[in-house]
file query-v2.cif (mmCIF, C-alpha atoms)
data_target
loop_
_atom_site.label_atom_id
_atom_site.label_comp_id
_atom_site.auth_asym_id
_atom_site.auth_seq_id
_atom_site.Cartn_x
_atom_site.Cartn_y
_atom_site.Cartn_z
CA GLU A 1 -86.59 -36.64 -117.71
CA ARG A 2 -90.22 -37.34 -116.82
CA THR A 3 -90.89 -34.98 -113.93
CA SER A 4 -93.73 -32.56 -113.24
CA ASP A 5 -95.24 -30.61 -110.35
CA ALA A 6 -96.77 -33.91 -109.20
CA THR A 7 -93.40 -35.68 -108.87
CA ARG A 8 -92.74 -36.77 -105.31
CA LEU A 9 -89.74 -39.08 -105.68
CA LEU A 10 -86.79 -38.33 -107.96
CA TYR A 11 -83.78 -40.62 -108.48
CA LEU A 12 -80.52 -38.82 -109.29
CA THR A 13 -76.86 -39.64 -109.67
CA ASP A 14 -74.47 -37.58 -107.56
CA GLY A 15 -73.46 -35.67 -110.71
CA MET A 16 -77.06 -34.76 -111.53
CA LEU A 17 -77.71 -33.62 -107.97
CA LEU A 18 -74.54 -31.55 -108.12
CA ARG A 19 -75.82 -29.78 -111.25
CA ARG A 20 -79.11 -29.11 -109.47
CA ALA A 21 -77.19 -27.59 -106.56
CA MET A 22 -75.19 -25.38 -108.93
CA ALA A 23 -78.43 -24.01 -110.39
CA ASP A 24 -80.11 -23.66 -106.96
CA PRO A 25 -77.68 -23.86 -104.01
CA LEU A 26 -80.58 -24.13 -101.52
CA LEU A 27 -82.17 -27.02 -103.43
CA ARG A 28 -85.61 -25.53 -102.84
CA ALA A 29 -87.23 -28.16 -105.07
CA PHE A 30 -86.44 -30.83 -102.45
CA GLY A 31 -87.80 -31.38 -98.97
CA VAL A 32 -85.79 -34.51 -98.20
CA VAL A 33 -82.53 -35.69 -99.79
CA LEU A 34 -81.41 -39.29 -99.22
CA ILE A 35 -77.80 -40.15 -100.04
CA ASP A 36 -77.39 -43.92 -100.35
CA GLU A 37 -74.11 -45.88 -100.30
CA ALA A 38 -72.37 -42.83 -98.85
CA HIS A 39 -69.18 -44.79 -98.13
CA GLU A 40 -68.50 -45.02 -101.88
CA ARG A 41 -67.00 -41.58 -101.75
CA SER A 42 -66.03 -39.71 -104.89
CA LEU A 43 -65.13 -36.09 -105.50
CA GLN A 44 -68.68 -35.35 -106.68
CA THR A 45 -70.27 -37.06 -103.69
CA ASP A 46 -68.08 -35.17 -101.21
CA ILE A 47 -68.92 -31.85 -102.89
CA VAL A 48 -72.63 -32.75 -102.85
CA LEU A 49 -72.48 -33.52 -99.11
CA ALA A 50 -70.78 -30.18 -98.45
CA LEU A 51 -73.41 -28.32 -100.48
CA LEU A 52 -76.22 -30.21 -98.74
CA LYS A 53 -74.79 -29.25 -95.35
CA ARG A 54 -74.68 -25.59 -96.41
CA ALA A 55 -78.22 -25.71 -97.84
CA GLN A 56 -79.54 -27.37 -94.70
CA LYS A 57 -78.02 -24.65 -92.52
CA ALA A 58 -79.44 -21.90 -94.72
CA ARG A 59 -82.94 -23.41 -94.59
CA VAL A 60 -83.01 -24.40 -90.92
CA ALA A 61 -85.18 -21.43 -89.89
CA SER A 62 -87.31 -21.38 -93.05
CA ALA A 63 -90.85 -22.67 -93.47
CA ALA A 64 -89.45 -25.61 -95.47
CA PRO A 65 -86.29 -26.93 -93.77
CA LEU A 66 -84.21 -29.44 -95.69
CA LYS A 67 -84.03 -32.95 -94.23
CA LEU A 68 -80.98 -35.05 -95.04
CA ILE A 69 -80.62 -38.84 -94.67
CA VAL A 70 -77.22 -40.45 -95.25
CA MET A 71 -77.29 -44.25 -95.67
CA SER A 72 -74.60 -46.89 -95.81
CA ALA A 73 -73.86 -50.41 -94.62
CA THR A 74 -70.18 -49.69 -93.90
CA LEU A 75 -70.11 -46.01 -93.05
CA ASP A 76 -67.78 -44.46 -90.47
CA VAL A 77 -70.70 -43.32 -88.30
CA ASP A 78 -68.74 -41.07 -85.94
CA LEU A 79 -67.02 -39.29 -88.82
CA PHE A 80 -70.27 -38.47 -90.62
CA CYS A 81 -72.25 -37.61 -87.49
CA GLY A 82 -69.44 -35.25 -86.50
CA TYR A 83 -69.38 -33.65 -89.95
CA PHE A 84 -73.11 -32.97 -89.71
CA GLU A 85 -72.66 -31.49 -86.22
CA GLY A 86 -73.98 -34.27 -84.04
CA ALA A 87 -76.68 -35.64 -86.34
CA PRO A 88 -78.42 -38.68 -84.81
CA ALA A 89 -77.56 -42.14 -86.11
CA VAL A 90 -80.06 -44.97 -86.56
CA GLN A 91 -78.72 -48.50 -86.85
CA VAL A 92 -80.73 -51.23 -88.57
CA CYS A 93 -79.42 -54.64 -87.60
CA GLY A 94 -79.12 -57.22 -90.34
CA ARG A 95 -78.40 -60.93 -90.45
CA SER A 96 -74.96 -62.39 -91.01
CA HIS A 97 -74.35 -65.72 -92.66
CA ALA A 98 -71.43 -68.12 -92.34
CA VAL A 99 -69.12 -67.80 -95.35
CA ASP A 100 -66.41 -70.25 -96.43
CA VAL A 101 -63.55 -68.49 -98.23
CA LEU A 102 -61.28 -70.56 -100.51
CA TYR A 103 -58.20 -69.34 -102.37
CA THR A 104 -56.21 -70.74 -105.29
CA ALA A 105 -53.04 -72.47 -104.15
CA GLU A 106 -50.92 -70.28 -106.45
CA PRO A 107 -51.41 -67.47 -109.00
CA VAL A 108 -53.06 -68.47 -112.27
CA ARG A 109 -51.86 -67.54 -115.74
CA ASP A 110 -55.33 -66.89 -117.21
CA TYR A 111 -57.72 -65.56 -114.56
CA VAL A 112 -60.74 -65.59 -116.91
CA GLU A 113 -60.28 -69.28 -117.73
CA ALA A 114 -59.61 -70.05 -114.06
CA ALA A 115 -62.83 -68.27 -113.08
CA CYS A 116 -64.75 -70.30 -115.67
CA ALA A 117 -63.19 -73.51 -114.35
CA ALA A 118 -64.30 -72.56 -110.84
CA VAL A 119 -67.85 -71.99 -112.10
CA VAL A 120 -67.93 -75.42 -113.76
CA GLN A 121 -66.51 -77.04 -110.62
CA ILE A 122 -69.22 -75.42 -108.50
CA HIS A 123 -71.89 -76.38 -111.02
CA THR A 124 -70.87 -80.03 -111.12
CA THR A 125 -70.15 -80.60 -107.42
CA GLU A 126 -72.22 -78.20 -105.34
CA ALA A 127 -75.88 -78.00 -104.37
CA GLU A 128 -78.36 -75.58 -105.92
CA GLY A 129 -77.60 -71.87 -105.96
CA ASP A 130 -76.51 -69.32 -108.53
CA VAL A 131 -72.90 -68.20 -109.04
CA LEU A 132 -71.72 -64.58 -109.18
CA VAL A 133 -68.38 -64.02 -110.95
CA PHE A 134 -66.54 -60.71 -110.57
CA LEU A 135 -64.50 -59.74 -113.63
CA THR A 136 -62.79 -56.52 -114.69
CA GLY A 137 -64.96 -55.33 -117.56
CA GLU A 138 -66.88 -55.99 -120.75
CA GLU A 139 -64.03 -57.74 -122.60
CA ASP A 140 -63.40 -60.25 -119.80
CA ILE A 141 -67.12 -60.83 -119.30
CA GLU A 142 -67.76 -61.57 -122.97
CA SER A 143 -64.70 -63.85 -123.06
CA ALA A 144 -65.97 -65.79 -120.03
CA HIS A 145 -69.45 -65.93 -121.54
CA ALA A 146 -68.06 -67.49 -124.72
CA THR A 147 -65.85 -69.92 -122.78
CA LEU A 148 -68.67 -71.18 -120.60
CA GLY A 149 -70.87 -71.45 -123.67
CA ARG A 150 -68.28 -73.75 -125.32
CA TRP A 151 -67.65 -75.83 -122.21
CA CYS A 152 -71.30 -76.35 -121.35
CA VAL A 153 -72.68 -77.49 -124.69
CA SER A 154 -75.26 -80.29 -124.18
CA PRO A 155 -74.91 -80.46 -120.38
CA GLU A 156 -77.59 -83.16 -120.22
CA ALA A 157 -75.28 -85.51 -122.13
CA ARG A 158 -72.73 -85.15 -119.33
CA GLY A 159 -75.33 -85.59 -116.64
CA TRP A 160 -75.23 -81.90 -115.66
CA PRO A 161 -78.21 -79.61 -115.14
CA PRO A 162 -78.29 -76.62 -117.51
CA LEU A 163 -75.82 -73.80 -116.74
CA LEU A 164 -76.96 -70.34 -117.88
CA PRO A 165 -74.12 -67.79 -118.21
CA ARG A 166 -75.52 -64.24 -117.94
CA PRO A 167 -73.32 -61.16 -118.58
CA LEU A 168 -73.96 -58.01 -116.54
CA TYR A 169 -72.21 -54.67 -117.05
CA ALA A 170 -73.26 -51.04 -117.40
CA ALA A 171 -73.07 -50.83 -121.22
CA LEU A 172 -75.20 -53.95 -121.70
CA ALA A 173 -78.67 -53.51 -123.22
CA PRO A 174 -81.41 -53.13 -120.56
CA ALA A 175 -83.17 -56.31 -121.68
CA ALA A 176 -79.97 -58.34 -121.25
CA GLN A 177 -79.35 -56.77 -117.83
CA ALA A 178 -82.87 -57.73 -116.78
CA GLU A 179 -82.23 -61.29 -117.95
CA ALA A 180 -79.23 -61.50 -115.61
CA LEU A 181 -81.41 -60.45 -112.67
CA GLU A 182 -84.26 -62.88 -113.33
CA ARG A 183 -84.38 -66.14 -111.38
CA ALA A 184 -83.02 -69.18 -113.17
CA PRO A 185 -85.63 -71.73 -114.30
CA ALA A 186 -86.14 -74.69 -111.97
CA GLY A 187 -83.47 -77.34 -112.38
CA SER A 188 -80.85 -74.97 -113.81
CA ARG A 189 -78.11 -72.75 -112.40
CA LYS A 190 -77.31 -69.17 -113.40
CA ALA A 191 -73.75 -67.82 -113.57
CA ILE A 192 -73.79 -64.01 -113.49
CA LEU A 193 -70.62 -62.61 -115.08
CA ALA A 194 -70.38 -59.08 -113.74
CA THR A 195 -68.22 -56.10 -112.93
CA ASN A 196 -68.30 -54.67 -109.41
CA ILE A 197 -71.63 -53.04 -110.39
CA ALA A 198 -73.10 -56.23 -108.89
CA GLU A 199 -71.42 -55.46 -105.57
CA THR A 200 -72.27 -51.79 -105.15
CA SER A 201 -75.33 -50.99 -107.20
CA LEU A 202 -77.81 -53.85 -106.99
CA THR A 203 -78.76 -57.03 -105.18
CA ILE A 204 -79.17 -60.34 -107.03
CA ASP A 205 -81.38 -62.95 -105.42
CA GLY A 206 -80.42 -66.61 -105.40
CA VAL A 207 -76.63 -66.21 -105.34
CA LEU A 208 -74.92 -68.69 -103.00
CA PHE A 209 -71.46 -68.85 -104.62
CA VAL A 210 -69.06 -66.04 -105.53
CA VAL A 211 -65.97 -66.32 -107.72
CA ALA A 212 -63.72 -63.24 -107.46
CA THR A 213 -60.69 -62.71 -109.68
CA GLY A 214 -59.36 -60.08 -107.27
CA LEU A 215 -58.90 -57.62 -110.14
CA VAL A 216 -60.76 -54.46 -111.14
CA THR A 217 -60.48 -52.02 -114.01
CA THR A 218 -58.36 -48.99 -113.13
#

call {"tool": "encode", "arguments": {"input": "query-v2.cif", "output": "structure tokens"}}
result
Amino acid sequence: ERTSDATRLLYLTDGMLLRRAMADPLLRAFGVVLIDEAHERSLQTDIVLALLKRAQKARVASAAPLKLIVMSATLDVDLFCGYFEGAPAVQVCGRSHAVDVLYTAEPVRDYVEAACAAVVQIHTTEAEGDVLVFLTGEEDIESAHATLGRWCVSPEARGWPPLLPRPLYAALAPAAQAEALERAPAGSRKAILATNIAETSLTIDGVLFVVATGLVTT
């Protein structure tokens, strides 16, 4: 922790905010609380929202009322506005893009190898743009990383531009995570091999193709 009396913006997980609320139910250290990605509901998040509602009510007549902002791209607006007793909703319109969705003709025996084959097919037949591959966890990601590394040795000899496989999962070293987020050098294509952390927790620029195995870790 690197906070002081001069801190104005504090990033917290829902669990850390819950511990703060247990120590101070009115959350007097905060003037505004912003809950992002509220649709990704968990037990901790639901408890935090309930405690925030209670703290907001308790501070409504005080000299420092608590302001609460709940954000999401896919939220059930009526449900949450009703829970917070008619809170106003602000909608920010975004842009939608045409998406072509393709499926395998039949189930595959080895989904990691099939995902790697799809990456190579995209790399050798499609225009520029990075590829994002959703896999179940660290083991699958490292297996795909090794497979693509074997298949794409000396791409120039095959007439291919360089393909850069980049793993991305929570336990990965920060420097390696940063490498996955950096733009690929000109003339090359990046294949980000990730868990669903890449869907819910960050945005990766330059991705035009997505390969999804349809599986997640349970």

call {"tool": "atom_distance", "arguments": {"input": "query-v2.cif", "atom1": "atom CA of Asn196 of chain A", "atom2": "atom CA of Ala105 of chain A"}}
result
24.0 Å

call {"tool": "resolve_selection", "arguments": {"input": "query-v2.cif", "expression": "the PyMOL selection byres ((chain A and resi 22-30) around 9)", "output": "list in words"}}
result
Leu17, Leu18, Arg19, Arg20, Ala21, Gly31, Val32, Val33, Leu51, Leu52, Arg54, Ala55, Gln56, Ala58, Arg59, Ala64, Leu66 and Lys67 of chain A

call {"tool": "atom_distance", "arguments": {"input": "query-v2.cif", "atom1": "atom CA of Ala184 of chain A", "atom2": "atom CA of Leu215 of chain A"}}
result
26.9 Å

call {"tool": "residues_around", "arguments": {"input": "query-v2.cif", "residues": "Pro161 of chain A", "least_positions_apart": "6", "cutoff": "12 Å", "atoms": "all atoms listed in the file", "output": "MDAnalysis selection string"}}
result
chainID A and resid 120 122:128 152:155 184:190

call {"tool": "residues_around", "arguments": {"input": "query-v2.cif", "residues": "Ala98 of chain A", "least_positions_apart": "3", "cutoff": "12 Å", "atoms": "all atoms listed in the file", "output": "NGL selection string"}}
result
:A and (95 or 101 or 208)

call {"tool": "residues_around", "arguments": {"input": "query-v2.cif", "residues": "Ala180 of chain A", "least_positions_apart": "2", "cutoff": "8 Å", "atoms": "all atoms listed in the file", "output": "PyMOL selection string"}}
result
chain A and resi 166-168+176-178+182+192

call {"tool": "write_last_selection", "arguments": {"input": "query-v2.cif", "atoms": "C-alpha atoms", "output": "tab-separated table (two decimals), keeping the file's coordinate frame"}}
result
chain	number	residue	atom	x	y	z
A	166	ARG	CA	-75.52	-64.24	-117.94
A	167	PRO	CA	-73.32	-61.16	-118.58
A	168	LEU	CA	-73.96	-58.01	-116.54
A	176	ALA	CA	-79.97	-58.34	-121.25
A	177	GLN	CA	-79.35	-56.77	-117.83
A	178	ALA	CA	-82.87	-57.73	-116.78
A	182	GLU	CA	-84.26	-62.88	-113.33
A	192	ILE	CA	-73.79	-64.01	-113.49

call {"tool": "atom_distance", "arguments": {"input": "query-v2.cif", "atom1": "atom CA of Ala171 of chain A", "atom2": "atom CA of Ser4 of chain A"}}
result
28.7 Å

call {"tool": "axis_aligned_box", "arguments": {"input": "query-v2.cif", "around": "segment 92-97 of chain A", "padding_each_side": "5 Å", "output": "lines of an AutoDock Vina configuration file"}}
result
center_x = -77.5
center_y = -58.5
center_z = -90.1
size_x = 16.4
size_y = 24.5
size_z = 15.1
